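Q: So that we are looking at the same thing, I have put the structure below in structure tokens.
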Amino acid sequence: MISKIADQITLISEADQGFDLFEARYPIPEGITYNTYVIEDEKTVLLDAVDAKVTDEWVSDLKKVLNGRKLDYFVVHHMEPDHSANIGTVLSMFPDVRIITSAKAVKMMSQFMNEDMSSKCDVVKEGDVLDLGKHKLHFVETMMVHWPEVIMSYEPTEGILFSADAFGRFGPYDPAYDWVKGARRYYMNIVGKFGQMVQKALAKLSPLDIKKICPLHGCVLEGDLSGYLALYDTWSSYRPETEGVAVVYASFYGNTRKAAEKICQIFKDKGVETQIVDLVHTDVSYALEAAFRYSRMIVAAPSYEGGLAPQMEAFLLDIGGKKYQSRKVGIIENGTFGPCAGKFMAKHLETMEGVEIVGPKVTIHSAMSKENEAQIEELAANILG
Ligand SMILES: Cc1cc2nc3c(=O)[nH]c(=O)nc-3n(C[C@H](O)[C@H](O)[C@H](O)COP(=O)(O)O)c2cc1C
């Protein structure tokens, strides 16, 4: 798909229909796009490339946009293969193109391409400017958003920020598509671990007069950008986005599910925003998104072979790795012949900064008892308190 986004600046966006997992990990039922941009000034520049899955349509679109003009520069903001897989394709189309990228990216490029790429690259660092004629690209180092080599570039004539993976989202190229829906799960799972580095990047970007954000996935963002920037600030500082409770549970036979549904209903009856996630039937990336979104969480799981239900184990490892922090959490465990899931859930949660485990810990012996129901009421009241 080709779309003019400003005078002399064109977006080329190719759709991945989402038949495979993104990054071999995340379901993308509504697909994702790989975006690249072309600036045709006195000099021509291509900003980034696309995943190998969409090479043919992208090459065809790139030829249409350039319409016989040769490419002078090829800016590589990010070396992850969903953008860099076609560096070789670009070089075979334009053997004399100069690759503009960070020093770290040159090393990565040489590794991926099994060839020393330094003679083909011009290294840029913070504050360097690429002069294209009317347009100029100012480079900003944004290390670890979310790989070490990442740079962004800012074009002041149009006020465009080429933001690499930042502000990207899952979902189709449709400006009406809810950015938050696609961006929150993308951010929390893919960028979330690096909140501190995102904060640094936001501080560097704050003096710029940004009118449009051009990410490598999703849509070009324009109009009032303050909402997108505010959410990135919230997410990267690990503050909850929404006052409410994520109820995340695993259940083999349905008894733990009943307890999770019960506490969820109590919250709903009190008018508290609640999202319940079944870890057995839902990809963990959705549970992680819910955990980080809300100010509170209930985890509920059965005991399993002297330990914890593996789906809950995987979830807690995942959120711990992404620096889940500063939330109130309540625990519901289940066991038939020696309940121990709660002990293991607590062990994970205790390693997370600022996580307060709120009691009582509810222990279900196979099926919820009257006593359990009262404990669940008490837990619900305490976690909201
Ligand atoms: C493979 C397997 C291993 C289990 N290991 C334990 C265990 O170590 N300790 C225990 O108390 N219960 C264990 N249980 C029993 C469950 O934790 C228990 O039946 C619980 O009620 C299941 O809750 P659910 O109905 O939500 O699936 C195990 C169950 C299964 C299927």
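Chain labels follow the order of the structure tokens: the first chain is A, the next B, and so on; residue numbering restarts at 1 in every chain, and ligands are counted from 1 in their shown order.
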Using only C-alpha atoms, which protein or nucleic acid residues come within 8 Å of Ile2 of chain A? Drop anything in the same chain fewer than 5 positions from it, and give the result as a list of chain:residue names.
A: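 Final neighbour list, sorted by chain and number: A:Thr10, A:Leu11, A:Ile12, A:Ser13, A:Asp61, A:Val65.
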Q: Kindly work out which residues sit at most 10 Å from ligand 1, using only C-alpha atoms and all ligand atoms, and give the list as a PyMOL selection string.
A: chain A and resi 249-260+300-310+333-341+364-368
Q: If we count only C-alpha atoms, what is near Val38 of chain A at a cut-off of 6 Å, once residues fewer than 6 positions away on the same chain are taken out, given as a VMD selection string?
A: chain A and resid 9 to 10 45 to 46
Q: Generate a file of the selected residues that holds N, CA and C atoms, formatted as a short mmCIF file (atom, residue, chain, number, x, y, z; two decimals), in the first residue's frame.
A:
data_model
loop_
_atom_site.label_atom_id
_atom_site.label_comp_id
_atom_site.auth_asym_id
_atom_site.auth_seq_id
_atom_site.Cartn_x
_atom_site.Cartn_y
_atom_site.Cartn_z
N ILE A 9 7.04 13.03 0.68
CA ILE A 9 7.24 11.91 1.63
C ILE A 9 6.11 10.90 1.47
N THR A 10 6.50 9.65 1.25
CA THR A 10 5.51 8.60 0.96
C THR A 10 5.70 7.43 1.91
N VAL A 45 15.78 9.17 -0.21
CA VAL A 45 16.11 8.31 0.93
C VAL A 45 14.96 7.34 1.20
N LEU A 46 15.35 6.12 1.50
CA LEU A 46 14.40 5.10 1.96
C LEU A 46 14.65 4.91 3.46
#
Q: Please compute the atom CA of Cys264 of chain A-atom CA of Lys361 of chain A distance, one decimal, in Å.
A: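 Here the two named atoms are 16.1 Å from each other.
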Q: With a distance cut-off of 9 Å and only C-alpha atoms, select the neighbouring residues of segment 22-33 of chain A, excluding the residue or stretch itself and same-chain residues fewer than 3 positions from it, and output the selection as a PDB file with N, CA and C atoms, in the first residue's frame.
A:
ATOM      1  N   SER A  13       3.447   0.683   3.031  1.00  0.00           N
ATOM      2  CA  SER A  13       3.078  -0.197   4.143  1.00  0.00           C
ATOM      3  C   SER A  13       2.596  -1.530   3.590  1.00  0.00           C
ATOM      4  N   GLU A  14       3.194  -2.603   4.063  1.00  0.00           N
ATOM      5  CA  GLU A  14       2.779  -3.934   3.586  1.00  0.00           C
ATOM      6  C   GLU A  14       2.120  -4.704   4.724  1.00  0.00           C
ATOM      7  N   ALA A  15       1.009  -5.352   4.406  1.00  0.00           N
ATOM      8  CA  ALA A  15       0.224  -6.049   5.438  1.00  0.00           C
ATOM      9  C   ALA A  15       0.684  -7.486   5.594  1.00  0.00           C
ATOM     10  N   ASP A  16       0.873  -7.867   6.834  1.00  0.00           N
ATOM     11  CA  ASP A  16       1.087  -9.266   7.195  1.00  0.00           C
ATOM     12  C   ASP A  16      -0.274  -9.726   7.706  1.00  0.00           C
ATOM     13  N   GLN A  17      -0.826 -10.770   7.110  1.00  0.00           N
ATOM     14  CA  GLN A  17      -2.198 -11.159   7.461  1.00  0.00           C
ATOM     15  C   GLN A  17      -2.292 -11.821   8.838  1.00  0.00           C
ATOM     16  N   GLY A  18      -1.151 -12.105   9.437  1.00  0.00           N
ATOM     17  CA  GLY A  18      -1.165 -12.629  10.801  1.00  0.00           C
ATOM     18  C   GLY A  18      -1.386 -14.123  10.902  1.00  0.00           C
ATOM     19  N   PHE A  19      -1.049 -14.854   9.839  1.00  0.00           N
ATOM     20  CA  PHE A  19      -1.231 -16.313   9.890  1.00  0.00           C
ATOM     21  C   PHE A  19      -0.202 -16.974  10.798  1.00  0.00           C
ATOM     22  N   ASP A  82      12.333  -8.088  11.061  1.00  0.00           N
ATOM     23  CA  ASP A  82      11.054  -7.717  10.437  1.00  0.00           C
ATOM     24  C   ASP A  82      11.176  -6.378   9.702  1.00  0.00           C
ATOM     25  N   ARG A 169       2.077  -0.635  16.498  1.00  0.00           N
ATOM     26  CA  ARG A 169       0.984  -1.430  17.077  1.00  0.00           C
ATOM     27  C   ARG A 169       0.695  -2.647  16.217  1.00  0.00           C
ATOM     28  N   PHE A 170       0.034  -3.605  16.818  1.00  0.00           N
ATOM     29  CA  PHE A 170      -0.537  -4.718  16.060  1.00  0.00           C
ATOM     30  C   PHE A 170      -1.763  -4.195  15.316  1.00  0.00           C
ATOM     31  N   GLY A 171      -2.227  -4.962  14.337  1.00  0.00           N
ATOM     32  CA  GLY A 171      -3.469  -4.601  13.640  1.00  0.00           C
ATOM     33  C   GLY A 171      -3.207  -4.043  12.257  1.00  0.00           C
ATOM     34  N   PRO A 172      -4.281  -3.890  11.511  1.00  0.00           N
ATOM     35  CA  PRO A 172      -4.166  -3.503  10.099  1.00  0.00           C
ATOM     36  C   PRO A 172      -3.852  -2.023   9.913  1.00  0.00           C
ATOM     37  N   TYR A 173      -3.506  -1.661   8.667  1.00  0.00           N
ATOM     38  CA  TYR A 173      -3.346  -0.239   8.375  1.00  0.00           C
ATOM     39  C   TYR A 173      -4.733   0.351   8.175  1.00  0.00           C
ATOM     40  N   TYR A 186       1.243  -4.612  22.199  1.00  0.00           N
ATOM     41  CA  TYR A 186       2.547  -4.535  21.538  1.00  0.00           C
ATOM     42  C   TYR A 186       3.574  -3.947  22.502  1.00  0.00           C
ATOM     43  N   ASN A 189       4.400  -6.118  25.863  1.00  0.00           N
ATOM     44  CA  ASN A 189       5.123  -7.359  25.629  1.00  0.00           C
ATOM     45  C   ASN A 189       6.468  -7.153  24.954  1.00  0.00           C
ATOM     46  N   LEU A 216       7.144   2.002  12.568  1.00  0.00           N
ATOM     47  CA  LEU A 216       7.405   0.909  11.619  1.00  0.00           C
ATOM     48  C   LEU A 216       6.257  -0.099  11.563  1.00  0.00           C
ATOM     49  N   HIS A 217       5.294   0.005  12.477  1.00  0.00           N
ATOM     50  CA  HIS A 217       4.094  -0.845  12.433  1.00  0.00           C
ATOM     51  C   HIS A 217       2.873   0.036  12.728  1.00  0.00           C
ATOM     52  N   GLY A 218       1.757  -0.307  12.122  1.00  0.00           N
ATOM     53  CA  GLY A 218       0.524   0.440  12.414  1.00  0.00           C
ATOM     54  C   GLY A 218       0.395   1.641  11.497  1.00  0.00           C
ATOM     55  N   CYS A 219      -0.310   2.647  11.990  1.00  0.00           N
ATOM     56  CA  CYS A 219      -0.621   3.817  11.156  1.00  0.00           C
ATOM     57  C   CYS A 219       0.282   4.998  11.464  1.00  0.00           C
ATOM     58  N   ASP A 283      -3.736 -16.485  24.998  1.00  0.00           N
ATOM     59  CA  ASP A 283      -2.293 -16.305  24.929  1.00  0.00           C
ATOM     60  C   ASP A 283      -1.823 -15.405  26.070  1.00  0.00           C
ATOM     61  N   VAL A 284      -0.681 -15.760  26.626  1.00  0.00           N
ATOM     62  CA  VAL A 284      -0.172 -15.068  27.816  1.00  0.00           C
ATOM     63  C   VAL A 284       0.068 -13.577  27.545  1.00  0.00           C
ATOM     64  N   SER A 285       0.279 -13.191  26.304  1.00  0.00           N
ATOM     65  CA  SER A 285       0.527 -11.768  26.003  1.00  0.00           C
ATOM     66  C   SER A 285      -0.686 -10.901  26.359  1.00  0.00           C
TER      67      SER A 285
END
